[in-house]
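Here the structure is laid out as structure tokens; the discussion comes afterwards.
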Amino acid sequence: MNELLPDPYFYQQLPSIHASGSVILRDEHGRFVIEKPNYRDHWLLPGGGVDGGEDARIAAEREVLEEIGLTVTAGRMLVANWVPSHIAQGSTMGVHFIFDAGVMPAAELEATIRLQESELDDWRLIDREDAHLLSDWGGRRTLYALDVLDGKAEPAFIGQDGRGY
């Protein structure tokens, strides 16, 4: 083994990071799809956790297919959001990506979406004003992503405070 490379023990000591990939999928009226998991009090964008060895874009596409039965392409990254760990809650630090999944007519969404009943209770198309349904942190990063889509912001890395860097 090369002496300049750390041994596996070094990597085991590094902190864990949770990563996720989600999409903003809009209809022709500018509303976007959200889903209500049965294991949380708040709504989420379609998407989910990145599996080991998986790219965040691929994870977003896989999760959308699993959760709501749609095949989408996770396009350009709109925002990456860093969330520090919360030791008292036992949560690891995380990085959460939101990608543009384009536009699909509302009638097609209504006819095509099939919920993964083991995880989801409902889905909706909502306007920007209802982003608060996504929790404080989910709403902030979603509003930033919508600003990117509206040309009011550039794709960016945002911190816990919602500011882009």
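How things are named: the first chain in the structure tokens is A, the next is B, and so on; residues count from 1 in each chain; ligands count from 1 in the order shown.
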
Can you write out as CSV which residues of stretch 98-121 of chain A fall within 6 Å of stretch 51-75 of chain A, alongside each residue's closest atom pair and its distance in Å to one decimal, counting only C-alpha atoms and ordering rows by chain and ascending residue number?
```
residue,atom,partner,partner_atom,distance
A:Phe99,CA,A:Ala74,CA,5.4
A:Asp100,CA,A:Gly75,CA,5.0
A:Ala101,CA,A:Ala74,CA,5.0
A:Ile113,CA,A:Ile68,CA,5.3
A:Arg114,CA,A:Ile68,CA,4.9
A:Leu115,CA,A:Ile68,CA,4.6
A:Gln116,CA,A:Glu67,CA,4.8
```

Take the residues just selected and output them with C-alpha atoms as a short mmCIF file (atom, residue, chain, number, x, y, z; two decimals), in the first residue's frame.
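New file out.cif:
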```cif
data_model
loop_
_atom_site.label_atom_id
_atom_site.label_comp_id
_atom_site.auth_asym_id
_atom_site.auth_seq_id
_atom_site.Cartn_x
_atom_site.Cartn_y
_atom_site.Cartn_z
CA PHE A 99 -33.03 19.32 -10.39
CA ASP A 100 -35.34 20.67 -13.08
CA ALA A 101 -37.61 17.90 -14.43
CA ILE A 113 -49.17 9.55 -11.41
CA ARG A 114 -49.44 6.34 -9.39
CA LEU A 115 -48.51 6.61 -5.72
CA GLN A 116 -46.20 4.14 -4.02
#
```

_Within 10 Å of A:Trp123 using only C-alpha atoms, minus same-chain residues under 6 positions, as a ChimeraX atom specification_ = /A:33-37,43-46,68,110,113-115

Could the residues in this selection be written to a file with N, CA, C and O atoms, as a short mmCIF file (atom, residue, chain, number, x, y, z; two decimals), in the first residue's frame?
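Final output, out-v3.cif:
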```cif
data_model
loop_
_atom_site.label_atom_id
_atom_site.label_comp_id
_atom_site.auth_asym_id
_atom_site.auth_seq_id
_atom_site.Cartn_x
_atom_site.Cartn_y
_atom_site.Cartn_z
N VAL A 33 -45.25 19.66 -8.54
CA VAL A 33 -45.70 18.45 -7.85
C VAL A 33 -45.01 18.33 -6.49
O VAL A 33 -43.79 18.50 -6.38
N ILE A 34 -45.83 18.02 -5.48
CA ILE A 34 -45.31 17.63 -4.17
C ILE A 34 -46.00 16.34 -3.77
O ILE A 34 -47.05 15.97 -4.32
N GLU A 35 -45.40 15.64 -2.82
CA GLU A 35 -45.94 14.36 -2.36
C GLU A 35 -45.98 14.35 -0.84
O GLU A 35 -45.15 14.98 -0.19
N LYS A 36 -46.94 13.61 -0.29
CA LYS A 36 -47.10 13.53 1.16
C LYS A 36 -46.71 12.13 1.63
O LYS A 36 -47.45 11.17 1.46
N PRO A 37 -45.50 12.02 2.19
CA PRO A 37 -45.10 10.72 2.73
C PRO A 37 -45.90 10.39 3.99
O PRO A 37 -46.28 11.28 4.74
N TRP A 43 -44.88 17.79 3.60
CA TRP A 43 -44.81 17.32 2.21
C TRP A 43 -43.37 17.43 1.71
O TRP A 43 -42.55 18.15 2.29
N LEU A 44 -43.06 16.74 0.62
CA LEU A 44 -41.73 16.74 0.02
C LEU A 44 -41.85 16.92 -1.49
O LEU A 44 -42.88 16.60 -2.09
N LEU A 45 -40.75 17.35 -2.10
CA LEU A 45 -40.64 17.26 -3.55
C LEU A 45 -40.42 15.80 -3.90
O LEU A 45 -39.84 15.05 -3.11
N PRO A 46 -40.84 15.36 -5.08
CA PRO A 46 -40.54 13.98 -5.48
C PRO A 46 -39.03 13.76 -5.56
O PRO A 46 -38.29 14.60 -6.09
N ILE A 68 -43.89 7.91 -7.63
CA ILE A 68 -45.10 8.38 -8.30
C ILE A 68 -45.28 7.80 -9.70
O ILE A 68 -46.19 8.20 -10.43
N GLU A 110 -52.20 14.06 -13.80
CA GLU A 110 -53.34 13.45 -13.10
C GLU A 110 -53.65 12.06 -13.62
O GLU A 110 -54.03 11.17 -12.85
N ILE A 113 -49.78 9.76 -12.72
CA ILE A 113 -49.17 9.55 -11.41
C ILE A 113 -49.85 8.40 -10.67
O ILE A 113 -51.06 8.34 -10.56
N ARG A 114 -49.02 7.49 -10.20
CA ARG A 114 -49.44 6.34 -9.39
C ARG A 114 -48.59 6.34 -8.13
O ARG A 114 -47.37 6.17 -8.21
N LEU A 115 -49.23 6.53 -6.99
CA LEU A 115 -48.51 6.61 -5.72
C LEU A 115 -47.97 5.26 -5.26
O LEU A 115 -48.65 4.24 -5.39
#
```

_Residue neighbourhood A:Ala106, 12 Å, only C-alpha atoms, exclusion window fewer than 4 positions, as a VMD selection string_ = chain A and resid 25 to 33 110 to 113 124 to 126

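Atom CA of A:Ser118 is found 26.7 Å from atom CA of A:Val103.
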
Identify all residues of chain A in strand (DSSP E or B) (DSSP on the backbone) and supply them as a PDB file with N, CA, C and O atoms, in the first residue's frame.
```
ATOM      1  N   ILE A  17     -22.503  11.494   5.701  1.00  0.00           N
ATOM      2  CA  ILE A  17     -23.277  12.518   5.002  1.00  0.00           C
ATOM      3  C   ILE A  17     -24.473  11.841   4.346  1.00  0.00           C
ATOM      4  O   ILE A  17     -24.329  10.816   3.686  1.00  0.00           O
ATOM      5  N   HIS A  18     -25.629  12.429   4.529  1.00  0.00           N
ATOM      6  CA  HIS A  18     -26.832  11.962   3.846  1.00  0.00           C
ATOM      7  C   HIS A  18     -27.019  12.838   2.613  1.00  0.00           C
ATOM      8  O   HIS A  18     -26.964  14.063   2.702  1.00  0.00           O
ATOM      9  N   ALA A  19     -27.223  12.231   1.450  1.00  0.00           N
ATOM     10  CA  ALA A  19     -27.441  12.981   0.215  1.00  0.00           C
ATOM     11  C   ALA A  19     -28.781  12.588  -0.381  1.00  0.00           C
ATOM     12  O   ALA A  19     -29.208  11.428  -0.277  1.00  0.00           O
ATOM     13  N   SER A  20     -29.436  13.554  -1.006  1.00  0.00           N
ATOM     14  CA  SER A  20     -30.694  13.263  -1.681  1.00  0.00           C
ATOM     15  C   SER A  20     -30.762  14.038  -2.986  1.00  0.00           C
ATOM     16  O   SER A  20     -30.071  15.044  -3.171  1.00  0.00           O
ATOM     17  N   GLY A  21     -31.598  13.548  -3.868  1.00  0.00           N
ATOM     18  CA  GLY A  21     -31.867  14.206  -5.135  1.00  0.00           C
ATOM     19  C   GLY A  21     -33.366  14.303  -5.334  1.00  0.00           C
ATOM     20  O   GLY A  21     -34.078  13.302  -5.188  1.00  0.00           O
ATOM     21  N   SER A  22     -33.855  15.496  -5.614  1.00  0.00           N
ATOM     22  CA  SER A  22     -35.278  15.733  -5.831  1.00  0.00           C
ATOM     23  C   SER A  22     -35.465  16.524  -7.112  1.00  0.00           C
ATOM     24  O   SER A  22     -34.510  17.086  -7.646  1.00  0.00           O
ATOM     25  N   VAL A  23     -36.709  16.592  -7.561  1.00  0.00           N
ATOM     26  CA  VAL A  23     -37.003  17.333  -8.788  1.00  0.00           C
ATOM     27  C   VAL A  23     -38.129  18.326  -8.573  1.00  0.00           C
ATOM     28  O   VAL A  23     -38.989  18.135  -7.718  1.00  0.00           O
ATOM     29  N   ILE A  24     -38.088  19.360  -9.379  1.00  0.00           N
ATOM     30  CA  ILE A  24     -39.244  20.233  -9.540  1.00  0.00           C
ATOM     31  C   ILE A  24     -39.824  19.887 -10.896  1.00  0.00           C
ATOM     32  O   ILE A  24     -39.187  20.075 -11.937  1.00  0.00           O
ATOM     33  N   LEU A  25     -41.033  19.336 -10.857  1.00  0.00           N
ATOM     34  CA  LEU A  25     -41.786  18.967 -12.045  1.00  0.00           C
ATOM     35  C   LEU A  25     -43.008  19.869 -12.083  1.00  0.00           C
ATOM     36  O   LEU A  25     -43.856  19.819 -11.187  1.00  0.00           O
ATOM     37  N   ARG A  26     -43.080  20.717 -13.104  1.00  0.00           N
ATOM     38  CA  ARG A  26     -44.137  21.724 -13.196  1.00  0.00           C
ATOM     39  C   ARG A  26     -45.201  21.338 -14.221  1.00  0.00           C
ATOM     40  O   ARG A  26     -44.947  20.559 -15.126  1.00  0.00           O
ATOM     41  N   PHE A  32     -46.190  23.079  -9.211  1.00  0.00           N
ATOM     42  CA  PHE A  32     -45.237  21.973  -9.159  1.00  0.00           C
ATOM     43  C   PHE A  32     -45.747  20.865  -8.264  1.00  0.00           C
ATOM     44  O   PHE A  32     -46.584  21.074  -7.385  1.00  0.00           O
ATOM     45  N   VAL A  33     -45.252  19.656  -8.537  1.00  0.00           N
ATOM     46  CA  VAL A  33     -45.697  18.448  -7.846  1.00  0.00           C
ATOM     47  C   VAL A  33     -45.009  18.330  -6.492  1.00  0.00           C
ATOM     48  O   VAL A  33     -43.790  18.503  -6.376  1.00  0.00           O
ATOM     49  N   ILE A  34     -45.835  18.023  -5.478  1.00  0.00           N
ATOM     50  CA  ILE A  34     -45.313  17.634  -4.167  1.00  0.00           C
ATOM     51  C   ILE A  34     -45.999  16.337  -3.770  1.00  0.00           C
ATOM     52  O   ILE A  34     -47.046  15.975  -4.319  1.00  0.00           O
ATOM     53  N   GLU A  35     -45.395  15.635  -2.823  1.00  0.00           N
ATOM     54  CA  GLU A  35     -45.943  14.361  -2.363  1.00  0.00           C
ATOM     55  C   GLU A  35     -45.977  14.349  -0.845  1.00  0.00           C
ATOM     56  O   GLU A  35     -45.150  14.982  -0.190  1.00  0.00           O
ATOM     57  N   LYS A  36     -46.944  13.611  -0.294  1.00  0.00           N
ATOM     58  CA  LYS A  36     -47.097  13.530   1.160  1.00  0.00           C
ATOM     59  C   LYS A  36     -46.710  12.135   1.627  1.00  0.00           C
ATOM     60  O   LYS A  36     -47.447  11.173   1.459  1.00  0.00           O
ATOM     61  N   PRO A  37     -45.501  12.019   2.187  1.00  0.00           N
ATOM     62  CA  PRO A  37     -45.097  10.718   2.731  1.00  0.00           C
ATOM     63  C   PRO A  37     -45.900  10.387   3.993  1.00  0.00           C
ATOM     64  O   PRO A  37     -46.285  11.276   4.739  1.00  0.00           O
ATOM     65  N   LEU A  44     -43.061  16.736   0.618  1.00  0.00           N
ATOM     66  CA  LEU A  44     -41.729  16.744   0.016  1.00  0.00           C
ATOM     67  C   LEU A  44     -41.847  16.916  -1.494  1.00  0.00           C
ATOM     68  O   LEU A  44     -42.879  16.599  -2.091  1.00  0.00           O
ATOM     69  N   GLY A  47     -38.583  12.654  -5.027  1.00  0.00           N
ATOM     70  CA  GLY A  47     -37.155  12.321  -5.001  1.00  0.00           C
ATOM     71  C   GLY A  47     -36.848  11.559  -3.737  1.00  0.00           C
ATOM     72  O   GLY A  47     -37.742  11.098  -3.036  1.00  0.00           O
ATOM     73  N   GLY A  48     -35.566  11.440  -3.436  1.00  0.00           N
ATOM     74  CA  GLY A  48     -35.205  10.721  -2.226  1.00  0.00           C
ATOM     75  C   GLY A  48     -33.714  10.516  -2.090  1.00  0.00           C
ATOM     76  O   GLY A  48     -32.911  11.132  -2.793  1.00  0.00           O
ATOM     77  N   GLY A  49     -33.365   9.625  -1.205  1.00  0.00           N
ATOM     78  CA  GLY A  49     -31.979   9.392  -0.834  1.00  0.00           C
ATOM     79  C   GLY A  49     -31.138   8.769  -1.931  1.00  0.00           C
ATOM     80  O   GLY A  49     -31.611   7.959  -2.718  1.00  0.00           O
ATOM     81  N   MET A  77     -29.107  21.243 -12.500  1.00  0.00           N
ATOM     82  CA  MET A  77     -29.197  21.413 -11.062  1.00  0.00           C
ATOM     83  C   MET A  77     -29.632  22.845 -10.781  1.00  0.00           C
ATOM     84  O   MET A  77     -29.049  23.791 -11.311  1.00  0.00           O
ATOM     85  N   LEU A  78     -30.646  22.986  -9.955  1.00  0.00           N
ATOM     86  CA  LEU A  78     -31.146  24.303  -9.591  1.00  0.00           C
ATOM     87  C   LEU A  78     -30.529  24.795  -8.297  1.00  0.00           C
ATOM     88  O   LEU A  78     -30.231  25.972  -8.145  1.00  0.00           O
ATOM     89  N   VAL A  79     -30.334  23.873  -7.362  1.00  0.00           N
ATOM     90  CA  VAL A  79     -29.775  24.243  -6.066  1.00  0.00           C
ATOM     91  C   VAL A  79     -29.212  23.004  -5.385  1.00  0.00           C
ATOM     92  O   VAL A  79     -29.705  21.899  -5.579  1.00  0.00           O
ATOM     93  N   ALA A  80     -28.159  23.224  -4.631  1.00  0.00           N
ATOM     94  CA  ALA A  80     -27.629  22.227  -3.699  1.00  0.00           C
ATOM     95  C   ALA A  80     -27.675  22.880  -2.328  1.00  0.00           C
ATOM     96  O   ALA A  80     -27.219  24.010  -2.156  1.00  0.00           O
ATOM     97  N   ASN A  81     -28.243  22.200  -1.367  1.00  0.00           N
ATOM     98  CA  ASN A  81     -28.454  22.756  -0.033  1.00  0.00           C
ATOM     99  C   ASN A  81     -27.680  21.951   0.997  1.00  0.00           C
ATOM    100  O   ASN A  81     -27.871  20.735   1.115  1.00  0.00           O
ATOM    101  N   TRP A  82     -26.821  22.632   1.733  1.00  0.00           N
ATOM    102  CA  TRP A  82     -26.042  21.998   2.789  1.00  0.00           C
ATOM    103  C   TRP A  82     -26.798  22.113   4.102  1.00  0.00           C
ATOM    104  O   TRP A  82     -27.252  23.195   4.479  1.00  0.00           O
ATOM    105  N   VAL A  83     -26.928  21.000   4.816  1.00  0.00           N
ATOM    106  CA  VAL A  83     -27.582  20.986   6.116  1.00  0.00           C
ATOM    107  C   VAL A  83     -26.610  20.381   7.114  1.00  0.00           C
ATOM    108  O   VAL A  83     -26.181  19.239   6.945  1.00  0.00           O
ATOM    109  N   HIS A  86     -27.129  17.507  13.300  1.00  0.00           N
ATOM    110  CA  HIS A  86     -27.779  17.899  14.550  1.00  0.00           C
ATOM    111  C   HIS A  86     -27.570  16.748  15.520  1.00  0.00           C
ATOM    112  O   HIS A  86     -28.344  15.794  15.550  1.00  0.00           O
ATOM    113  N   SER A  91     -29.007  13.281  13.744  1.00  0.00           N
ATOM    114  CA  SER A  91     -28.995  13.351  12.277  1.00  0.00           C
ATOM    115  C   SER A  91     -27.620  13.743  11.756  1.00  0.00           C
ATOM    116  O   SER A  91     -26.922  14.571  12.349  1.00  0.00           O
ATOM    117  N   MET A  93     -24.951  15.235   8.784  1.00  0.00           N
ATOM    118  CA  MET A  93     -24.975  16.366   7.867  1.00  0.00           C
ATOM    119  C   MET A  93     -25.468  15.867   6.516  1.00  0.00           C
ATOM    120  O   MET A  93     -25.434  14.664   6.230  1.00  0.00           O
ATOM    121  N   GLY A  94     -25.944  16.807   5.707  1.00  0.00           N
ATOM    122  CA  GLY A  94     -26.492  16.371   4.433  1.00  0.00           C
ATOM    123  C   GLY A  94     -26.310  17.385   3.329  1.00  0.00           C
ATOM    124  O   GLY A  94     -26.080  18.572   3.586  1.00  0.00           O
ATOM    125  N   VAL A  95     -26.405  16.893   2.118  1.00  0.00           N
ATOM    126  CA  VAL A  95     -26.429  17.765   0.951  1.00  0.00           C
ATOM    127  C   VAL A  95     -27.598  17.295   0.096  1.00  0.00           C
ATOM    128  O   VAL A  95     -27.748  16.101  -0.179  1.00  0.00           O
ATOM    129  N   HIS A  96     -28.452  18.251  -0.265  1.00  0.00           N
ATOM    130  CA  HIS A  96     -29.694  17.942  -0.941  1.00  0.00           C
ATOM    131  C   HIS A  96     -29.757  18.712  -2.257  1.00  0.00           C
ATOM    132  O   HIS A  96     -29.672  19.941  -2.259  1.00  0.00           O
ATOM    133  N   PHE A  97     -29.896  17.979  -3.342  1.00  0.00           N
ATOM    134  CA  PHE A  97     -29.903  18.554  -4.685  1.00  0.00           C
ATOM    135  C   PHE A  97     -31.321  18.622  -5.223  1.00  0.00           C
ATOM    136  O   PHE A  97     -32.098  17.678  -5.041  1.00  0.00           O
ATOM    137  N   ILE A  98     -31.637  19.715  -5.905  1.00  0.00           N
ATOM    138  CA  ILE A  98     -32.914  19.825  -6.619  1.00  0.00           C
ATOM    139  C   ILE A  98     -32.587  20.055  -8.089  1.00  0.00           C
ATOM    140  O   ILE A  98     -31.806  20.948  -8.440  1.00  0.00           O
ATOM    141  N   PHE A  99     -33.235  19.256  -8.949  1.00  0.00           N
ATOM    142  CA  PHE A  99     -33.032  19.323 -10.391  1.00  0.00           C
ATOM    143  C   PHE A  99     -34.331  19.712 -11.093  1.00  0.00           C
ATOM    144  O   PHE A  99     -35.426  19.432 -10.595  1.00  0.00           O
ATOM    145  N   ASP A 100     -34.198  20.311 -12.246  1.00  0.00           N
ATOM    146  CA  ASP A 100     -35.341  20.669 -13.078  1.00  0.00           C
ATOM    147  C   ASP A 100     -35.796  19.437 -13.857  1.00  0.00           C
ATOM    148  O   ASP A 100     -35.018  18.851 -14.602  1.00  0.00           O
ATOM    149  N   ALA A 101     -37.063  19.037 -13.683  1.00  0.00           N
ATOM    150  CA  ALA A 101     -37.608  17.900 -14.427  1.00  0.00           C
ATOM    151  C   ALA A 101     -38.566  18.361 -15.527  1.00  0.00           C
ATOM    152  O   ALA A 101     -39.289  17.552 -16.097  1.00  0.00           O
ATOM    153  N   GLY A 102     -38.589  19.661 -15.794  1.00  0.00           N
ATOM    154  CA  GLY A 102     -39.369  20.164 -16.910  1.00  0.00           C
ATOM    155  C   GLY A 102     -40.840  20.348 -16.616  1.00  0.00           C
ATOM    156  O   GLY A 102     -41.264  20.487 -15.469  1.00  0.00           O
ATOM    157  N   VAL A 103     -41.620  20.335 -17.708  1.00  0.00           N
ATOM    158  CA  VAL A 103     -43.058  20.628 -17.643  1.00  0.00           C
ATOM    159  C   VAL A 103     -43.835  19.455 -18.231  1.00  0.00           C
ATOM    160  O   VAL A 103     -43.458  18.911 -19.271  1.00  0.00           O
ATOM    161  N   LEU A 120     -46.378   6.724   0.412  1.00  0.00           N
ATOM    162  CA  LEU A 120     -47.038   8.002   0.142  1.00  0.00           C
ATOM    163  C   LEU A 120     -48.546   7.928   0.350  1.00  0.00           C
ATOM    164  O   LEU A 120     -49.184   6.942  -0.002  1.00  0.00           O
ATOM    165  N   ASP A 121     -49.078   9.032   0.897  1.00  0.00           N
ATOM    166  CA  ASP A 121     -50.519   9.138   1.099  1.00  0.00           C
ATOM    167  C   ASP A 121     -51.210   9.973   0.030  1.00  0.00           C
ATOM    168  O   ASP A 121     -52.399   9.781  -0.228  1.00  0.00           O
ATOM    169  N   ASP A 122     -50.486  10.916  -0.581  1.00  0.00           N
ATOM    170  CA  ASP A 122     -51.133  11.843  -1.499  1.00  0.00           C
ATOM    171  C   ASP A 122     -50.098  12.581  -2.330  1.00  0.00           C
ATOM    172  O   ASP A 122     -48.900  12.512  -2.053  1.00  0.00           O
ATOM    173  N   TRP A 123     -50.569  13.297  -3.336  1.00  0.00           N
ATOM    174  CA  TRP A 123     -49.734  14.209  -4.113  1.00  0.00           C
ATOM    175  C   TRP A 123     -50.600  15.394  -4.499  1.00  0.00           C
ATOM    176  O   TRP A 123     -51.826  15.316  -4.482  1.00  0.00           O
ATOM    177  N   ARG A 124     -49.949  16.512  -4.825  1.00  0.00           N
ATOM    178  CA  ARG A 124     -50.656  17.727  -5.224  1.00  0.00           C
ATOM    179  C   ARG A 124     -49.812  18.519  -6.211  1.00  0.00           C
ATOM    180  O   ARG A 124     -48.592  18.401  -6.238  1.00  0.00           O
ATOM    181  N   LEU A 125     -50.496  19.389  -6.937  1.00  0.00           N
ATOM    182  CA  LEU A 125     -49.851  20.452  -7.693  1.00  0.00           C
ATOM    183  C   LEU A 125     -50.075  21.725  -6.887  1.00  0.00           C
ATOM    184  O   LEU A 125     -51.218  22.036  -6.533  1.00  0.00           O
ATOM    185  N   ILE A 126     -48.991  22.427  -6.561  1.00  0.00           N
ATOM    186  CA  ILE A 126     -49.134  23.643  -5.755  1.00  0.00           C
ATOM    187  C   ILE A 126     -48.443  24.818  -6.423  1.00  0.00           C
ATOM    188  O   ILE A 126     -47.559  24.660  -7.258  1.00  0.00           O
ATOM    189  N   ALA A 156     -27.035  27.489  -7.405  1.00  0.00           N
ATOM    190  CA  ALA A 156     -26.055  27.773  -6.371  1.00  0.00           C
ATOM    191  C   ALA A 156     -26.089  26.720  -5.282  1.00  0.00           C
ATOM    192  O   ALA A 156     -26.999  25.906  -5.184  1.00  0.00           O
ATOM    193  N   PHE A 157     -25.083  26.800  -4.468  1.00  0.00           N
ATOM    194  CA  PHE A 157     -24.994  26.068  -3.216  1.00  0.00           C
ATOM    195  C   PHE A 157     -25.580  26.997  -2.161  1.00  0.00           C
ATOM    196  O   PHE A 157     -25.150  28.148  -2.061  1.00  0.00           O
ATOM    197  N   ILE A 158     -26.566  26.535  -1.411  1.00  0.00           N
ATOM    198  CA  ILE A 158     -27.113  27.387  -0.350  1.00  0.00           C
ATOM    199  C   ILE A 158     -26.869  26.755   0.994  1.00  0.00           C
ATOM    200  O   ILE A 158     -26.839  25.538   1.140  1.00  0.00           O
ATOM    201  N   GLY A 164     -27.689  31.933  -1.037  1.00  0.00           N
ATOM    202  CA  GLY A 164     -26.874  31.294  -2.081  1.00  0.00           C
ATOM    203  C   GLY A 164     -25.440  31.759  -2.021  1.00  0.00           C
ATOM    204  O   GLY A 164     -25.154  32.895  -1.659  1.00  0.00           O
TER     205      GLY A 164
END
```

*Would you return as a VMD selection string the members of stretch 90-156 of chain A that DSSP assigns to helix (DSSP H, G or I) on this structure's backbone?*
chain A and resid 106 to 112 128 to 134 136 to 149

Include C-alpha atoms and write out the residues we just selected as a compact mmCIF listing (two decimals), in the first residue's frame.
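Below you can see again-v9.txt, which holds the result:
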```txt
# COMPACT_ATOMS: atom_id res chain seq x y z
CA ALA A 106 -51.65 18.81 -15.50
CA ALA A 107 -54.06 16.43 -17.23
CA GLU A 108 -51.18 14.08 -18.04
CA LEU A 109 -49.88 14.24 -14.47
CA GLU A 110 -53.34 13.45 -13.10
CA ALA A 111 -53.77 10.54 -15.50
CA THR A 112 -50.27 9.12 -15.02
CA ARG A 128 -45.14 28.96 -5.06
CA GLU A 129 -47.25 30.50 -2.25
CA ASP A 130 -47.84 27.02 -0.81
CA ALA A 131 -44.15 26.07 -0.53
CA HIS A 132 -44.51 26.31 3.28
CA LEU A 133 -46.12 22.83 3.11
CA LEU A 134 -42.59 21.51 2.50
CA ASP A 136 -39.08 25.49 6.66
CA TRP A 137 -35.89 24.03 5.15
CA GLY A 138 -37.67 22.32 2.26
CA GLY A 139 -39.62 25.46 1.47
CA ARG A 140 -36.52 27.67 1.48
CA ARG A 141 -34.56 25.51 -0.94
CA THR A 142 -37.63 25.03 -3.17
CA LEU A 143 -38.26 28.77 -3.35
CA TYR A 144 -34.62 29.28 -4.28
CA ALA A 145 -34.92 26.63 -7.02
CA LEU A 146 -38.08 28.33 -8.33
CA ASP A 147 -36.18 31.64 -8.43
CA VAL A 148 -33.57 29.92 -10.62
CA LEU A 149 -36.31 28.65 -12.94
```

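Compared by their closest atoms to A:His42, and using only C-alpha atoms, the residues A:Ser135, A:Lys152, A:Leu14, A:Gly159 rank with A:Ser135 nearest.
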
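The space separating atom CA of A:Val50 from atom CA of A:Asp7 comes to 25.3 Å.
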